[in-house]
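**Student:** Structure incoming, see below.
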Amino acid sequence: MKNILEVKNLSYTYQGENAEALHDLSFSVPAGSYVAIVGHNGSGKSTLAKIIAGLCSYKKGKVTLFGEELNKNNLPALRKRMGLVFQNPDNQFVGSSVRDDIAFGLENRQVPSEKMDGIILEYATKVSMEKYLDHAPENLSGGQKQRVAIAGVLAMKPELIIYDEATSMLDPVGKKDILDITFGLREENPDLSVISITHDIEEALRADYVIVLNKGKLVLEGKPSEVFTHADTLKEIHLDAPFLMSLIDSLRKEGMDVPSDVDSLEKLEEYLCQ
Amino acid sequence: MASLTIGRYVPYNSFIHKMDPRAKLFALIVLMVAIFLPYPTYVMSFTIQGIIFLFGVFLLWRSHVSFFRVLKSLAALWIMVIFILIIYVLVPRTTNYPAFDINGFVIYWDSILEAARILLRLVLMIVLSMVLTSSTKPLDLTAALEWYLYPLKLIGFPSHIVAMIISLALRFIPTILDDVERIMKAQSSRGVDFENGHLGTKIKAIVSLIIPLFVSSFIRSDELANAMECRGYDPNAKRTRYRKLHFRAVDFVETFVVLAIFAGCLTLSIMQLDAYNAIWGITTL
Ligand SMILES: Nc1ncnc2c1ncn2[C@@H]1O[C@H](COP(=O)(O)OP(=O)(O)OP(=O)(O)O)[C@@H](O)[C@H]1O
Ligand SMILES: [Mg+2]
């Protein structure tokens with residue numbers, strides 16, 4: 001499968017800082033996959049997202065997006081093919097109503113004004129915000145604002161969506177809504193790739209691939225069922241393994257040979273009953 | 001922060017709401033100038049101001065602004081009223097129309113009438129601007145402003161960027177007011193008193209509000225800039241517009257009516273024509 005994103009030996013230091021925010025990072029994201037990036041506060045996840053989006057220019061290493069090496073000249077073109085959703089719902093709401101906010105990206109893309117209303121309605125409906133089109137941001141909940149942000153990104157028809165902790169300021173219901181929408185989108189369009197930076201281990205469990213960062217370095221990577229069984233390593237970097245995974249890890253330490261395709265309580269039960 | 005109701009947009013579907021914001025802005029400016037033109041006599045001033053006032057009240061009524069709100073915004077003027085009265089009454093005038101004589105301190109009709117003229121101007125300014133702001137979405141007003149600033153682009157003035165800045169500022173006013181409230185609560189719970197105390201403590205309290213507010217606003221603007229950039233915003237690139245302004249027949253009519261009023265006022269002012277004297281032969285103050 002083609003890789004939508006390849007990061008090779010990427011290091012990054014913020015101007016005026018001594019410590020590296022990212023150190024010798026390499027990984028790749030196959031087209032159509034859902035990759036979760038987890039890590040403790042300050043481990044460099046947002047920095048990585050900013051570099052991929054071209055908001056920080058890197059000097060060491062190589063970032064290849066959609067098969068092209070990211071640089072100043074192709075950045076506008078590459079940016080058109082991806083969308084970012086940030087953590088704070090307020091600080092990415094540009095328009096003074098839901099309608100205007102979704103239109104903002106369309107205006108930047110020079111979509112003809114006559115076509116905008118149709119597009120706005122289509123994507124607002126995708127995130128179930130069609131009833132709130134004329135609402136001002138101050139009259140929306142955080143989760144609703146994030147849904148509008150997603151609609152704004154989707155209206156650009158991206159091939160890659162990056163969430164930088166898009167759900168971390170939301171309540172459990174808002175969080176679940178966003179995840180359901182995202183997984184729904186992927187069912188509709190299997191070519192859509194998602195990179196989700198998250199503190200939510202349950203979300204990471206549903207991903208195709210997990211990357212664990214700590215202090216700017218890649219510590220673990222692989223399928224969630226593999227990564228989260230390294231309970232000791234995770235504990236060392238202050239991350240909690242999900243309950244199921246710590247259970248499997250403990251069973252393995254007891255000498256049981258739990259196969260790696262066990263990724264739900266049901267499957268574990270099945271295996272144990274054999 | 002419900003006290004910020006003066007001049008806020010009132011959603012409704014009146015014909016004034018539907019008018020082009022450019023026409024409304026133009027009318028506001030022209031009528032304001034008409035109010036401030038010099039007229040030969042007080043009675044002439046009051047007559048013209050009265051006509052414009054009735055016109056303004058009619059528009060307010062048609063755009064469904066509640067009169068309570070108009071009164072509330074006018075009530076905010078009371079400090080100005082006292083101030084103007086005192087100044088005009090104290091400044092001695094040299095006319096022959098004494099109104100009162102309080103133990104040798106003479107107050108002249110001129111002072112009272114001049115004060116009234118200034119006050120009426122203020123009231124009219126408020127009423128007319130309320131018509132505009134309560135019937136026009138801030139965003140449309142910004143678009144109108146951008147349209148008027150458009151010619152300045154020729155000399156390199158970035159009117160589209162200014163318009164974007166204004167609309168972002170409008171968008172973030174409620175958000176930042178929320179921040180103010182939150183920071184005030186947080187600082188109060190740490191013992192800062194925003195209500196009592198002498199000047200020194202008050203200033204300290206304000207500083208304890210302003211600094212976190214600046215920090216949070218800078219963080220917000222940084223994140224907003226990132227989000228806008230990711231969504232493909234380039235201040236210098238060409239953009240299409242979602243909201244287009246439409247200058248319709250009503251707008252032509254409105255502009256024409258307003259210009260006619262203005263032309264009348266201008267003629268009266270330039271010729272210093274006292275209509276009362278010319279038509280009925282009455283001499284007034
Ligand atoms: N603008 C900046 N200037 C200087 N240093 C920065 C800047 N932004 C982040 N850093 C530093 O870079 C490191 C990585 O920060 P980053 O924001 O990428 O972490 P993160 O994994 O996103 O954390 P969090 O989970 O809190 O969002 C941190 O040590 C941080 O202090
Ligand atoms: Mg972060």
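Going through the structure tokens in order, the chains are called A, B, and so on, while each chain numbers its residues from 1 and the ligands are numbered from 1 in the order shown.
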Using only C-alpha atoms and all ligand atoms, which residues of the polymer chains come no farther than 7 Å from ligand 2? I'd like the answer as a list of chain:residue names.
**Tutor:** A:Gly42, A:Lys45, A:Ser46, A:Asp164, A:Glu165
**Student:** Pick out the residues no farther than 10 Å from ligand 1, counting only C-alpha atoms and all ligand atoms, and list them as a PyMOL selection string.
**Tutor:** (chain A and resi 12-22+37-51+56+87+164-165+168+197-199+213-216) or (chain B and resi 222)
**Student:** Go through chain B and flag each residue having an atom no more than 9 Å from chain A; for those, report the closest pair of atoms plus their distance in Å to one decimal, using only C-alpha atoms, ordered by chain and rising number, as JSON lines.
**Tutor:**
```
{"residue": "B:Leu139", "atom": "CA", "partner": "A:Ser96", "partner_atom": "CA", "distance": 7.6}
{"residue": "B:Ser167", "atom": "CA", "partner": "A:Ser96", "partner_atom": "CA", "distance": 7.9}
{"residue": "B:Leu168", "atom": "CA", "partner": "A:Val94", "partner_atom": "CA", "distance": 6.9}
{"residue": "B:Leu170", "atom": "CA", "partner": "A:Ser96", "partner_atom": "CA", "distance": 8.0}
{"residue": "B:Arg171", "atom": "CA", "partner": "A:Ser96", "partner_atom": "CA", "distance": 5.4}
{"residue": "B:Phe172", "atom": "CA", "partner": "A:Ser96", "partner_atom": "CA", "distance": 8.8}
{"residue": "B:Pro174", "atom": "CA", "partner": "A:Glu138", "partner_atom": "CA", "distance": 6.7}
{"residue": "B:Thr175", "atom": "CA", "partner": "A:Glu138", "partner_atom": "CA", "distance": 7.0}
{"residue": "B:Ile219", "atom": "CA", "partner": "A:Asn91", "partner_atom": "CA", "distance": 8.9}
{"residue": "B:Arg220", "atom": "CA", "partner": "A:Asn91", "partner_atom": "CA", "distance": 5.6}
{"residue": "B:Ser221", "atom": "CA", "partner": "A:Asn91", "partner_atom": "CA", "distance": 7.4}
{"residue": "B:Asp222", "atom": "CA", "partner": "A:Asn91", "partner_atom": "CA", "distance": 8.7}
{"residue": "B:Glu223", "atom": "CA", "partner": "A:Asn91", "partner_atom": "CA", "distance": 6.0}
{"residue": "B:Leu224", "atom": "CA", "partner": "A:Asn91", "partner_atom": "CA", "distance": 5.0}
{"residue": "B:Ala225", "atom": "CA", "partner": "A:Gln92", "partner_atom": "CA", "distance": 8.5}
{"residue": "B:Asn226", "atom": "CA", "partner": "A:Leu55", "partner_atom": "CA", "distance": 7.0}
{"residue": "B:Ala227", "atom": "CA", "partner": "A:Gln92", "partner_atom": "CA", "distance": 5.4}
{"residue": "B:Met228", "atom": "CA", "partner": "A:Gln92", "partner_atom": "CA", "distance": 7.3}
{"residue": "B:Glu229", "atom": "CA", "partner": "A:Leu55", "partner_atom": "CA", "distance": 8.1}
{"residue": "B:Cys230", "atom": "CA", "partner": "A:Leu84", "partner_atom": "CA", "distance": 6.6}
{"residue": "B:Arg231", "atom": "CA", "partner": "A:Gly105", "partner_atom": "CA", "distance": 5.5}
{"residue": "B:Gly232", "atom": "CA", "partner": "A:Asn108", "partner_atom": "CA", "distance": 5.7}
{"residue": "B:Tyr233", "atom": "CA", "partner": "A:Asn108", "partner_atom": "CA", "distance": 5.5}
{"residue": "B:Asp234", "atom": "CA", "partner": "A:Asn108", "partner_atom": "CA", "distance": 7.4}
{"residue": "B:Ala237", "atom": "CA", "partner": "A:Asn108", "partner_atom": "CA", "distance": 8.1}
{"residue": "B:Lys238", "atom": "CA", "partner": "A:Gln110", "partner_atom": "CA", "distance": 7.3}
{"residue": "B:Arg239", "atom": "CA", "partner": "A:Gln110", "partner_atom": "CA", "distance": 5.2}
{"residue": "B:Thr240", "atom": "CA", "partner": "A:Glu107", "partner_atom": "CA", "distance": 4.8}
{"residue": "B:Arg241", "atom": "CA", "partner": "A:Glu107", "partner_atom": "CA", "distance": 5.8}
{"residue": "B:Tyr242", "atom": "CA", "partner": "A:Ser113", "partner_atom": "CA", "distance": 5.1}
{"residue": "B:Arg243", "atom": "CA", "partner": "A:Ser113", "partner_atom": "CA", "distance": 7.7}
{"residue": "B:Lys244", "atom": "CA", "partner": "A:Ser113", "partner_atom": "CA", "distance": 8.1}
```
**Student:** May I ask for the distance between atom CA of A:Asp191 and atom CA of A:Leu160, given in Å to one decimal place?
**Tutor:**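 These atoms are spaced 8.9 Å apart.
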**Student:** Please provide the set of residues having any atom within 10 Å of B:Phe262, restricted to only C-alpha atoms, with same-chain residues fewer than 6 positions apart removed, written as a list in words.
**Tutor:**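 Near B:Phe262, the qualifying residues are Ala27, Val30, Leu31, Met32, Val33, Ala34, Ile35, Phe256 and Leu268 of chain B.
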**Student:** When you look at stretch 58-65 of chain B with a cut-off of 7 Å (counting only C-alpha atoms), what residues show up, excluding the ones that are within fewer than 4 positions of it in the same chain? I need them as an mmCIF file with N, CA and C atoms, in the first residue's frame.
**Tutor:**
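Written output follows (result21.cif):
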```
data_model
loop_
_atom_site.group_PDB
_atom_site.id
_atom_site.type_symbol
_atom_site.label_atom_id
_atom_site.label_comp_id
_atom_site.auth_asym_id
_atom_site.auth_seq_id
_atom_site.Cartn_x
_atom_site.Cartn_y
_atom_site.Cartn_z
ATOM 1 N N SER B 14 -37.439 42.761 8.988
ATOM 2 C CA SER B 14 -38.083 43.979 8.500
ATOM 3 C C SER B 14 -37.428 44.432 7.195
ATOM 4 N N ILE B 16 -36.028 47.128 6.752
ATOM 5 C CA ILE B 16 -34.768 47.799 7.086
ATOM 6 C C ILE B 16 -33.650 46.777 7.246
ATOM 7 N N HIS B 17 -34.008 45.629 7.827
ATOM 8 C CA HIS B 17 -33.007 44.567 7.948
ATOM 9 C C HIS B 17 -32.527 44.115 6.575
ATOM 10 N N LEU B 54 -38.057 62.120 14.265
ATOM 11 C CA LEU B 54 -39.273 61.348 13.970
ATOM 12 C C LEU B 54 -38.958 60.256 12.939
ATOM 13 N N VAL B 131 -30.521 52.459 14.785
ATOM 14 C CA VAL B 131 -31.230 51.906 13.625
ATOM 15 C C VAL B 131 -30.271 51.035 12.824
ATOM 16 N N SER B 135 -30.258 46.698 13.024
ATOM 17 C CA SER B 135 -30.853 46.059 11.854
ATOM 18 C C SER B 135 -29.803 45.456 10.929
#
```
**Student:** Measuring between only C-alpha atoms, which one of A:Glu6, A:Asp177, A:Glu236, A:Glu130 shows the shortest distance to A:Gln146?
**Tutor:**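 The shortest atom-to-atom distance to A:Gln146 comes from A:Asp177.
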**Student:** List as a ChimeraX atom specification the protein and nucleic acid residues near B:Val207, meaning an atom at most 12 Å away when only C-alpha atoms are counted, but skip any in the same chain fewer than 6 places from it.
**Tutor:** /B:183-184,187,192-194,200-201,213-214
**Student:** Go ahead and compute the interatomic distance for atom CA of A:Leu272 and atom CA of A:Pro224, in Å to one decimal.
**Tutor:**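 Between atom CA of A:Leu272 and atom CA of A:Pro224 the gap works out to 20.4 Å.
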**Student:** Could you find all residues in stretch 214-252 of chain A that DSSP calls strand (DSSP E) from the backbone, and write them as a list in words?
**Tutor:**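 In stretch 214-252 of chain A, DSSP puts these residues in strand (DSSP E): Asn214, Lys217, Leu218, Val219, Leu220, Glu221 and Gly222 of chain A.
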**Student:** Write out as JSON, numbers by chain each polymer residue whose atoms come within 9 Å of B:Pro138, counting only C-alpha atoms; drop sequence neighbours fewer than 3 positions from it.
**Tutor:** {"B": [8, 9, 133, 141, 142, 143, 167, 170]}
**Student:** When you draw a straight line from atom CA of A:Gly118 to atom CA of B:Val10, how long is it in Å?
**Tutor:**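 Between atom CA of A:Gly118 and atom CA of B:Val10 the gap works out to 26.8 Å.
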**Student:** Residues within 12 Å of B:Val180, please, as an MDAnalysis selection string. Count only C-alpha atoms; anything in the same chain fewer than 4 positions from it doesn't count.
**Tutor:** chainID B and resid 1 173:176 184:188 206 208:217
